[in-house]
Amino acid sequence: LFGPTSLFGGTSLSQAISETAPQPESEPEALKASLVYVSDYFSFVGEDAQGHVAFALDSNRGRDGETYQAEHFVVLHDEGHGWVNVLGNGRYPTLIKDLTIIPPSPSFKFHGAPSTGLDIISEPNHLVLRIEPVTVALSRHHNHARYAMGSAAGVLEWAGRTIKGRVIHEYLIMPDFNRLTRTYWGLWKEYQGLYLTIGGEGKVGDLYVHSQKSEMIIPLVGQLAGFAVLEGQADPLEGLTLTPMTRTMALGFYRWPIEWRLEWVRGSTPVSTRLTLSDRQVIGNWVIGGFAMGIVKGEMTLNGRTMPIYGLAELIL
C-alpha cells in the first residue's frame with residue numbers, strides 16, 4: 001500500500017497530511033493535486049483439492065508534477081510447495097496519465113474495476129485472477145486522503161488449476177504525497193496486517209485486521225482497524241484487540257511476531273481466536289526493522305461451528 005521502501009526519508013508524512021484541505025472531497029477533485037499517490041492492493045486466498053494458494057498484488061501509481069510513476073509488489077504462495085517466484089516486482093514505466101486506472105505493465109494487465117468486477121491477467125506468470133464486484137466494508141477519510149477496504153469472491157487460474165476463493169481489496173488515495181518520488185520519515189512502525197479467509201473450500205467469509213503504531217498514518221488508516229464478512233454481512237470489527245503472543249529472532253534489533261490473539265465482539269457475542277504465522281518470507285531487513293510476508297493459520301468458533309482460518313500476513317517492523 002504505502003510500501004516498505006518508504007521506511008526512511010526526509011519529509012514528514014504528518015506534515016504532508018496536515019497541509020491538505022480540511023474537508024474530504026470526491027476522488028476526481030483529490031486527483032487534481034500536482035503531487036498524488038494511489039494504491040490498489042489485492043490479496044487472494046483460495047483452496048482446491050491440492051491445497052491453499054495465496055496471491056497478493058500491490059499496484060501503486062503516482063504523479064509528481066508532469067511525471068507519472070508506477071510500481072508492483074507481488075507474492076505467490078502454494079501450500080504444497082511454498083513461495084513461488086513471480087515476475088513483475090518493482091517499478092515500471094507508464095504512459096497512462098489517468099490515476100483512476102491501474103496502468104498495465106509487462107507482467108500484469110487489468111480489465112475492469114474493483115467496483116464492477118476486475119480481471120488481473122499475467123501472461124508471463126501464466127496467471128489470471130477474476131474478481132467479482134468488491135463490497136466496501138470499511139472506509140476512512142482524512143482531509144483529501146481516502147482509505148477503503150472491501151472484499152469479493154474470486155477465482156485464480158494458475159498452474160493448470162482453477163482455485164475458488166476470496167479477495168480482500170485495499171484502496172488508498174493521498175494528495176500532497178508520493179512515496180514513488182519522495183521519501184518520508186517514520187512511515188511505518190510495528191505494522192501487522194492480516195488478510196484472511198474463514199472456512200474451507202466453501203468459504204464462509206473474510207477477516208482483515210491491521211495494527212500499527214506510526215502516529216503519522218493513524219489519522220488516515222487508524223492504529224487498530226478491521227472488518228469481517230460473515231454470513232454475507234460485512235461489518236467493521238468492534239471491541240477489537242490484536243495481541244502478539246510470541247515473537248522470534250530477526251537479523252536486527254527487532255523481533256518477528258509469530259502468534260497473535262485476536263478478539264472482537266460480533267453483536268453481543270465475543271469472538272476470540274489464536275493465529276499462528278508460518279512460512280515467513282523476509283523481503284527486506286534494515287537492522288532496526290524489516291519487511292516480511294507470511295502465511296497465517298488458525299481456527300474460530302461461530303454459532304457452535306469451528307472453522308479454519310487461512311491467509312496472508314504483511315509485517316513491516
# chains A, B, ... in the order shown; residues from 1 in each chain; ligands from 1
$ residues_around --residues "A:Val136" --least-positions-apart "5" --cutoff "8 Å" --atoms "only C-alpha atoms" --output "VMD selection string"
chain A and resid 148 to 151
$ select_by_dssp --residues "stretch 138-277 of chain A" --states "helix (DSSP H, G or I)" --output "list in words"
Ile218, Pro219, Leu220 and Val221 of chain A
$ closest_residue --among "A:Leu35, A:Ile101, A:Leu224, A:Leu315" --to "A:Pro236" --atoms "only C-alpha atoms"
A:Leu224
$ select_by_dssp --residues "stretch 56-261 of chain A" --states "strand (DSSP E)" --output "VMD selection string"
chain A and resid 56 to 64 67 to 78 82 to 84 90 to 91 109 to 113 117 to 122 127 to 131 135 to 142 145 to 158 161 to 175 184 to 185 191 to 198 205 to 211 224 to 230 233 to 236 238 to 249 255 to 261
$ write_last_selection --atoms "C-alpha atoms" --output "CSV table (one decimal), in the first residue's frame"
chain,number,residue,atom,x,y,z
A,56,ALA,CA,-1.1,-10.7,-3.3
A,57,LEU,CA,-0.5,-7.9,-5.8
A,58,ASP,CA,0.0,-4.3,-4.7
A,59,SER,CA,-0.2,-1.9,-7.6
A,60,ASN,CA,0.9,1.7,-6.9
A,61,ARG,CA,1.0,4.8,-9.1
A,62,GLY,CA,1.5,8.5,-8.7
A,63,ARG,CA,2.1,11.9,-10.2
A,64,ASP,CA,4.8,14.4,-9.4
A,67,THR,CA,5.8,12.9,-14.4
A,68,TYR,CA,3.9,9.7,-13.7
A,69,GLN,CA,5.2,6.6,-11.8
A,70,ALA,CA,4.0,3.0,-11.4
A,71,GLU,CA,5.1,0.0,-9.3
A,72,HIS,CA,4.1,-3.6,-8.5
A,73,PHE,CA,4.7,-5.7,-5.4
A,74,VAL,CA,3.7,-9.3,-5.8
A,75,VAL,CA,3.9,-12.6,-3.9
A,76,LEU,CA,2.5,-16.1,-4.5
A,77,HIS,CA,2.4,-19.0,-2.1
A,78,ASP,CA,1.4,-22.6,-2.8
A,82,GLY,CA,6.0,-22.8,-0.6
A,83,TRP,CA,6.8,-19.4,-2.0
A,84,VAL,CA,6.8,-19.2,-5.8
A,90,GLY,CA,9.3,-3.3,-9.0
A,91,ARG,CA,9.0,-0.1,-10.9
A,109,LYS,CA,-2.8,-6.3,-17.3
A,110,PHE,CA,-6.1,-5.1,-15.8
A,111,HIS,CA,-9.6,-5.3,-17.3
A,112,GLY,CA,-12.5,-3.7,-15.4
A,113,ALA,CA,-12.6,-2.0,-12.0
A,117,GLY,CA,-15.5,-6.6,-11.4
A,118,LEU,CA,-11.9,-6.9,-12.3
A,119,ASP,CA,-9.7,-9.4,-14.2
A,120,ILE,CA,-5.9,-9.4,-13.5
A,121,ILE,CA,-4.0,-11.2,-16.3
A,122,SER,CA,-0.4,-12.1,-16.2
A,127,LEU,CA,-2.0,-16.5,-14.1
A,128,VAL,CA,-5.4,-15.0,-14.2
A,129,LEU,CA,-7.3,-13.7,-11.2
A,130,ARG,CA,-11.0,-12.9,-11.8
A,131,ILE,CA,-12.6,-10.7,-9.1
A,135,THR,CA,-18.2,-4.7,-1.5
A,136,VAL,CA,-16.7,-1.9,0.7
A,137,ALA,CA,-16.7,-2.8,4.4
A,138,LEU,CA,-14.5,-0.1,5.9
A,139,SER,CA,-13.9,3.5,4.7
A,140,ARG,CA,-12.0,6.4,6.2
A,141,HIS,CA,-11.2,10.0,5.2
A,142,HIS,CA,-8.7,12.4,6.5
A,145,ALA,CA,-7.0,11.4,1.6
A,146,ARG,CA,-9.2,8.3,1.4
A,147,TYR,CA,-8.6,4.7,2.6
A,148,ALA,CA,-11.1,1.9,1.9
A,149,MET,CA,-11.3,-1.8,2.4
A,150,GLY,CA,-13.6,-4.4,0.9
A,151,SER,CA,-13.8,-8.0,-0.3
A,152,ALA,CA,-15.3,-10.2,-3.0
A,153,ALA,CA,-15.4,-13.7,-4.4
A,154,GLY,CA,-12.5,-14.5,-6.7
A,155,VAL,CA,-11.2,-17.3,-8.9
A,156,LEU,CA,-7.5,-17.8,-9.6
A,157,GLU,CA,-6.4,-19.8,-12.7
A,158,TRP,CA,-2.8,-20.8,-12.3
A,161,ARG,CA,-5.7,-25.2,-11.5
A,162,THR,CA,-8.9,-23.3,-11.1
A,163,ILE,CA,-8.9,-22.1,-7.5
A,164,LYS,CA,-12.0,-20.6,-5.9
A,165,GLY,CA,-11.5,-18.2,-3.0
A,166,ARG,CA,-11.9,-14.7,-1.7
A,167,VAL,CA,-10.2,-11.4,-2.4
A,168,ILE,CA,-9.6,-8.6,0.0
A,169,HIS,CA,-9.1,-5.2,-1.7
A,170,GLU,CA,-7.3,-2.2,-0.1
A,171,TYR,CA,-7.5,1.2,-1.7
A,172,LEU,CA,-5.7,4.4,-0.9
A,173,ILE,CA,-5.5,7.8,-2.4
A,174,MET,CA,-3.4,10.6,-1.0
A,175,PRO,CA,-2.9,14.1,-2.4
A,184,TYR,CA,9.2,10.1,4.3
A,185,TRP,CA,10.5,9.7,7.8
A,191,TYR,CA,2.7,-2.7,11.1
A,192,GLN,CA,0.9,-6.0,11.2
A,193,GLY,CA,-1.7,-6.6,8.5
A,194,LEU,CA,-3.7,-9.9,8.3
A,195,TYR,CA,-5.6,-10.8,5.1
A,196,LEU,CA,-7.6,-13.9,6.0
A,197,THR,CA,-10.4,-16.2,4.9
A,198,ILE,CA,-12.8,-18.2,7.1
A,205,GLY,CA,-16.2,-15.2,4.9
A,206,ASP,CA,-13.3,-12.8,5.2
A,207,LEU,CA,-11.4,-11.4,8.0
A,208,TYR,CA,-9.0,-8.4,7.8
A,209,VAL,CA,-7.2,-6.6,10.7
A,210,HIS,CA,-4.2,-4.3,11.0
A,211,SER,CA,-2.3,-2.9,13.9
A,224,LEU,CA,-6.2,-0.7,15.0
A,225,ALA,CA,-8.9,-1.5,12.5
A,226,GLY,CA,-10.5,-4.4,10.7
A,227,PHE,CA,-13.6,-5.9,9.2
A,228,ALA,CA,-15.3,-9.3,8.9
A,229,VAL,CA,-17.6,-10.6,6.3
A,230,LEU,CA,-19.7,-13.4,7.9
A,233,GLN,CA,-22.8,-9.4,6.2
A,234,ALA,CA,-19.8,-7.0,6.1
A,235,ASP,CA,-19.1,-5.2,9.4
A,236,PRO,CA,-16.2,-3.3,11.0
A,238,GLU,CA,-16.0,-3.7,17.3
A,239,GLY,CA,-14.1,-4.1,20.5
A,240,LEU,CA,-11.1,-5.2,18.5
A,241,THR,CA,-7.7,-6.3,20.0
A,242,LEU,CA,-4.8,-7.9,18.2
A,243,THR,CA,-2.1,-9.0,20.7
A,244,PRO,CA,1.2,-10.6,19.7
A,245,MET,CA,1.7,-13.5,22.0
A,246,THR,CA,5.0,-14.9,20.7
A,247,ARG,CA,8.0,-13.4,18.9
A,248,THR,CA,11.1,-14.9,17.3
A,249,MET,CA,14.6,-13.7,16.5
A,255,ARG,CA,11.6,-9.5,16.6
A,256,TRP,CA,9.1,-11.1,14.3
A,257,PRO,CA,5.6,-11.8,15.7
A,258,ILE,CA,4.6,-15.4,15.1
A,259,GLU,CA,1.5,-15.8,17.2
A,260,TRP,CA,-1.4,-13.5,17.9
A,261,ARG,CA,-4.6,-13.5,20.0
$ residues_around --residues "A:His52" --least-positions-apart "6" --cutoff "8 Å" --atoms "only C-alpha atoms" --output "list in words"
Val45, Gly46, Asp78, Glu79 and Gly80 of chain A
$ closest_residue --among "A:Phe2, A:Tyr92, A:Tyr254, A:Phe177" --to "A:Ala33" --atoms "only C-alpha atoms"
A:Phe177
$ atom_distance --atom1 "atom CA of A:Ile102" --atom2 "atom CA of A:Leu237"
29.3 Å
$ atom_distance --atom1 "atom CA of A:Ile288" --atom2 "atom CA of A:Leu220"
24.9 Å
$ atom_distance --atom1 "atom CA of A:Lys97" --atom2 "atom CA of A:Arg182"
19.0 Å
$ closest_residue --among "A:His81, A:Thr116, A:Ser39, A:Asn178" --to "A:Pro103" --atoms "only C-alpha atoms"
A:Ser39
$ decode --residues "stretch 128-159 of chain A" --atoms "N, CA and C atoms" --output "mmCIF file, in the first residue's frame"
data_model
loop_
_atom_site.group_PDB
_atom_site.id
_atom_site.type_symbol
_atom_site.label_atom_id
_atom_site.label_comp_id
_atom_site.auth_asym_id
_atom_site.auth_seq_id
_atom_site.Cartn_x
_atom_site.Cartn_y
_atom_site.Cartn_z
ATOM 1 N N VAL A 128 -4.292 -15.864 -14.074
ATOM 2 C CA VAL A 128 -5.436 -14.964 -14.222
ATOM 3 C C VAL A 128 -6.216 -14.970 -12.906
ATOM 4 N N LEU A 129 -6.505 -13.788 -12.382
ATOM 5 C CA LEU A 129 -7.345 -13.654 -11.198
ATOM 6 C C LEU A 129 -8.596 -12.876 -11.591
ATOM 7 N N ARG A 130 -9.755 -13.527 -11.450
ATOM 8 C CA ARG A 130 -11.038 -12.904 -11.782
ATOM 9 C C ARG A 130 -11.748 -12.539 -10.476
ATOM 10 N N ILE A 131 -12.037 -11.254 -10.317
ATOM 11 C CA ILE A 131 -12.595 -10.730 -9.069
ATOM 12 C C ILE A 131 -13.997 -10.195 -9.330
ATOM 13 N N GLU A 132 -14.955 -10.646 -8.544
ATOM 14 C CA GLU A 132 -16.303 -10.109 -8.628
ATOM 15 C C GLU A 132 -16.340 -8.707 -8.029
ATOM 16 N N PRO A 133 -17.442 -7.955 -8.240
ATOM 17 C CA PRO A 133 -17.503 -6.590 -7.683
ATOM 18 C C PRO A 133 -17.237 -6.564 -6.182
ATOM 19 N N VAL A 134 -16.380 -5.650 -5.776
ATOM 20 C CA VAL A 134 -15.957 -5.553 -4.375
ATOM 21 C C VAL A 134 -17.000 -4.788 -3.569
ATOM 22 N N THR A 135 -17.365 -5.333 -2.405
ATOM 23 C CA THR A 135 -18.234 -4.661 -1.459
ATOM 24 C C THR A 135 -17.371 -3.966 -0.409
ATOM 25 N N VAL A 136 -17.520 -2.656 -0.287
ATOM 26 C CA VAL A 136 -16.729 -1.887 0.680
ATOM 27 C C VAL A 136 -17.245 -2.159 2.088
ATOM 28 N N ALA A 137 -16.328 -2.511 2.992
ATOM 29 C CA ALA A 137 -16.692 -2.812 4.381
ATOM 30 C C ALA A 137 -16.181 -1.771 5.355
ATOM 31 N N LEU A 138 -15.148 -1.034 4.968
ATOM 32 C CA LEU A 138 -14.515 -0.082 5.877
ATOM 33 C C LEU A 138 -13.973 1.070 5.048
ATOM 34 N N SER A 139 -14.316 2.306 5.414
ATOM 35 C CA SER A 139 -13.861 3.466 4.662
ATOM 36 C C SER A 139 -13.526 4.598 5.624
ATOM 37 N N ARG A 140 -12.403 5.275 5.365
ATOM 38 C CA ARG A 140 -11.970 6.373 6.221
ATOM 39 C C ARG A 140 -11.483 7.524 5.349
ATOM 40 N N HIS A 141 -11.714 8.748 5.817
ATOM 41 C CA HIS A 141 -11.209 9.950 5.164
ATOM 42 C C HIS A 141 -10.395 10.758 6.168
ATOM 43 N N HIS A 142 -9.371 11.414 5.665
ATOM 44 C CA HIS A 142 -8.663 12.425 6.463
ATOM 45 C C HIS A 142 -8.254 13.530 5.506
ATOM 46 N N ASN A 143 -8.900 14.692 5.657
ATOM 47 C CA ASN A 143 -8.705 15.764 4.695
ATOM 48 C C ASN A 143 -9.035 15.223 3.293
ATOM 49 N N HIS A 144 -8.183 15.363 2.343
ATOM 50 C CA HIS A 144 -8.478 14.870 0.993
ATOM 51 C C HIS A 144 -8.123 13.399 0.809
ATOM 52 N N ALA A 145 -7.417 12.797 1.740
ATOM 53 C CA ALA A 145 -6.983 11.408 1.594
ATOM 54 C C ALA A 145 -8.142 10.462 1.877
ATOM 55 N N ARG A 146 -8.129 9.310 1.228
ATOM 56 C CA ARG A 146 -9.159 8.300 1.437
ATOM 57 C C ARG A 146 -8.514 6.919 1.529
ATOM 58 N N TYR A 147 -9.056 6.114 2.443
ATOM 59 C CA TYR A 147 -8.614 4.738 2.649
ATOM 60 C C TYR A 147 -9.865 3.866 2.718
ATOM 61 N N ALA A 148 -9.932 2.792 1.928
ATOM 62 C CA ALA A 148 -11.119 1.936 1.913
ATOM 63 C C ALA A 148 -10.712 0.475 1.797
ATOM 64 N N MET A 149 -11.508 -0.378 2.458
ATOM 65 C CA MET A 149 -11.284 -1.818 2.435
ATOM 66 C C MET A 149 -12.577 -2.508 2.025
ATOM 67 N N GLY A 150 -12.445 -3.605 1.306
ATOM 68 C CA GLY A 150 -13.609 -4.395 0.924
ATOM 69 C C GLY A 150 -13.191 -5.778 0.486
ATOM 70 N N SER A 151 -14.161 -6.591 0.065
ATOM 71 C CA SER A 151 -13.841 -7.955 -0.343
ATOM 72 C C SER A 151 -14.847 -8.456 -1.365
ATOM 73 N N ALA A 152 -14.497 -9.564 -1.996
ATOM 74 C CA ALA A 152 -15.345 -10.155 -3.030
ATOM 75 C C ALA A 152 -14.904 -11.595 -3.270
ATOM 76 N N ALA A 153 -15.761 -12.356 -3.923
ATOM 77 C CA ALA A 153 -15.372 -13.688 -4.388
ATOM 78 C C ALA A 153 -14.381 -13.554 -5.534
ATOM 79 N N GLY A 154 -13.496 -14.519 -5.656
ATOM 80 C CA GLY A 154 -12.514 -14.501 -6.731
ATOM 81 C C GLY A 154 -12.142 -15.901 -7.166
ATOM 82 N N VAL A 155 -11.649 -16.028 -8.395
ATOM 83 C CA VAL A 155 -11.178 -17.307 -8.932
ATOM 84 C C VAL A 155 -9.796 -17.084 -9.525
ATOM 85 N N LEU A 156 -8.833 -17.873 -9.086
ATOM 86 C CA LEU A 156 -7.469 -17.813 -9.599
ATOM 87 C C LEU A 156 -7.226 -19.003 -10.523
ATOM 88 N N GLU A 157 -6.825 -18.718 -11.753
ATOM 89 C CA GLU A 157 -6.416 -19.752 -12.700
ATOM 90 C C GLU A 157 -4.897 -19.716 -12.791
ATOM 91 N N TRP A 158 -4.272 -20.800 -12.351
ATOM 92 C CA TRP A 158 -2.806 -20.830 -12.280
ATOM 93 C C TRP A 158 -2.334 -22.278 -12.237
ATOM 94 N N ALA A 159 -1.247 -22.555 -12.956
ATOM 95 C CA ALA A 159 -0.603 -23.875 -12.951
ATOM 96 C C ALA A 159 -1.595 -24.993 -13.272
#
